[in-house]
Amino acid sequence: MKAFWNWFNAKLLQPVKPYLSLVVGGLCLIFLGLTLHQHWQQVATIDLGERAGVNLGLGLGITLVAHLWAGWVWGRILWLLNFPVPSAWAVRVYLITNIAKYLPGNVFHFYGRVLQAQSVGVPVAAATLSVILEPVLMAVAALSLGLLYTANTGVTIAGLSVMLIGLHPRVLNPLLAYLLQRKLRSSPAEGSKPTLQLKHYPTQPLLGELLFLGLRCLGFLFTVNAVTALEWRGIAHLVGAFSLSWLLGLITPGAPGGLGVFEVSLVTLLDRSLLPGLNPGRVIAAVALYRLISTVAEAIAAFAARVKPPGQSRAG
């Protein structure tokens with residue numbers, strides 16, 4: 001089986017990887033273009049007045065806070081791995097490197113964090129494990145909130161149970177060890193069999209990622225409220241759709257920063273909803289506006305982190 005996978009990866013996957021971003025991006029662009037063409041009259045009737053400006057401003061501010069919080073959570077993941085780093089340092093590094101996720105390959109933000117962590121004495125294995133564990137916890141948090149999209153209580157309980165069990169160190173460590181070994185196979189100095197493992201259930205980082213996703217959802221809700229008045233009964237549905245779309249953007253290869261995949265998924269999920277006042281045109285407008293304020297928030301955070309005078313530079 002391993003030999004087949006190596007052959008499949010070398011002969012089929014590797015040759016198409018350089019073109020994967022173009023294919024995914026092109027398909028997403030075609031879908032969004034066709035959807036906009038079909039509903040452009042609804043989009044044109046949207047009036048963004050003073051109320052919309054206030055909501056978009058709140059959405060921008062909350063999204064910015066979410067990124068600050070994500071940096072703190074990454075620092076706590078390093079603490080969980082027994083490498084305590086200053087929270088201010090973790091937030092600053094996270095914000096500076098995060099914008100690099102939009103580069104082709106969708107790995108340079110992780111690479112930047114590993115290099116910065118090494119510069120303060122964190123071993124490459126621990127630094128690499130931190131950037132592996134972070135998206136795993138983000139994915140679990142997103143899927144947990146995404147279960148709100150379904151009204152089936154049994155499915156929700158079963159899904160949450162499976163995910164919580166899957167995060168137990170006895171279950172998660174073998175997966176992390178496999179991923180870590182693959183990432184470090186080009187670093188012989190670290191050894192061919194990394195032994196770094198989780199010793200405790202990642203409760204604090206998981207709760208942190210849930211709050212991160214909650215803040216991202218809140219920013220999106222304010223964005224939706226800018227184009228149409230929200231009703232309480234539709235909030236759970238919106239949160240679930242947003243979380244599932246964000247998850248798909250996170251895990252889809254060839255989509256830097258989830259660009260395109262997130263938008264297509266969210267437009268598709270919300271286009272099937274029956275939420276009052278949220279016609280396809282308003283869905284398209286809300287999704288486009290949210291991508292705009294999200295990118296602006298990331299750019300502001302990266303700029304502010306760079307111009308901020310550096311604090312304590314060594315972990316301890």
# chains A, B, ... in the order shown; residues from 1 in each chain; ligands from 1
call {"tool": "residues_around", "arguments": {"residues": "Pro169 in chain A", "least_positions_apart": "6", "cutoff": "8 Å", "atoms": "only C-alpha atoms", "output": "list of chain:residue names"}}
result
A:Gln197, A:Leu198, A:Lys199, A:His200, A:Tyr201
call {"tool": "select_by_dssp", "arguments": {"residues": "range 70-243 of chain A", "states": "helix (DSSP H, G or I)", "output": "MDAnalysis selection string"}}
result
chainID A and resid 70:80 87:102 108:119 124:149 153:166 169:183 188:190 203:227 232:243
call {"tool": "closest_residue", "arguments": {"among": "A:Leu176, A:Ile62, A:Ala127, A:Leu56", "to": "Ala90 in chain A", "atoms": "only C-alpha atoms"}}
result
A:Ala127
call {"tool": "residues_around", "arguments": {"residues": "Arg51 in chain A", "least_positions_apart": "2", "cutoff": "12 Å", "atoms": "only C-alpha atoms", "output": "list in words"}}
result
Asp47, Leu48, Gly49, Gly53, Val54, Asn55, Leu56, Gly57, Leu58, Phe222, Thr223, Val224, Asn225, Ala226, Val227, Thr228 and Ala229 of chain A
call {"tool": "atom_distance", "arguments": {"atom1": "CA of Leu164 in chain A", "atom2": "CA of Leu143 in chain A"}}
result
11.4 Å
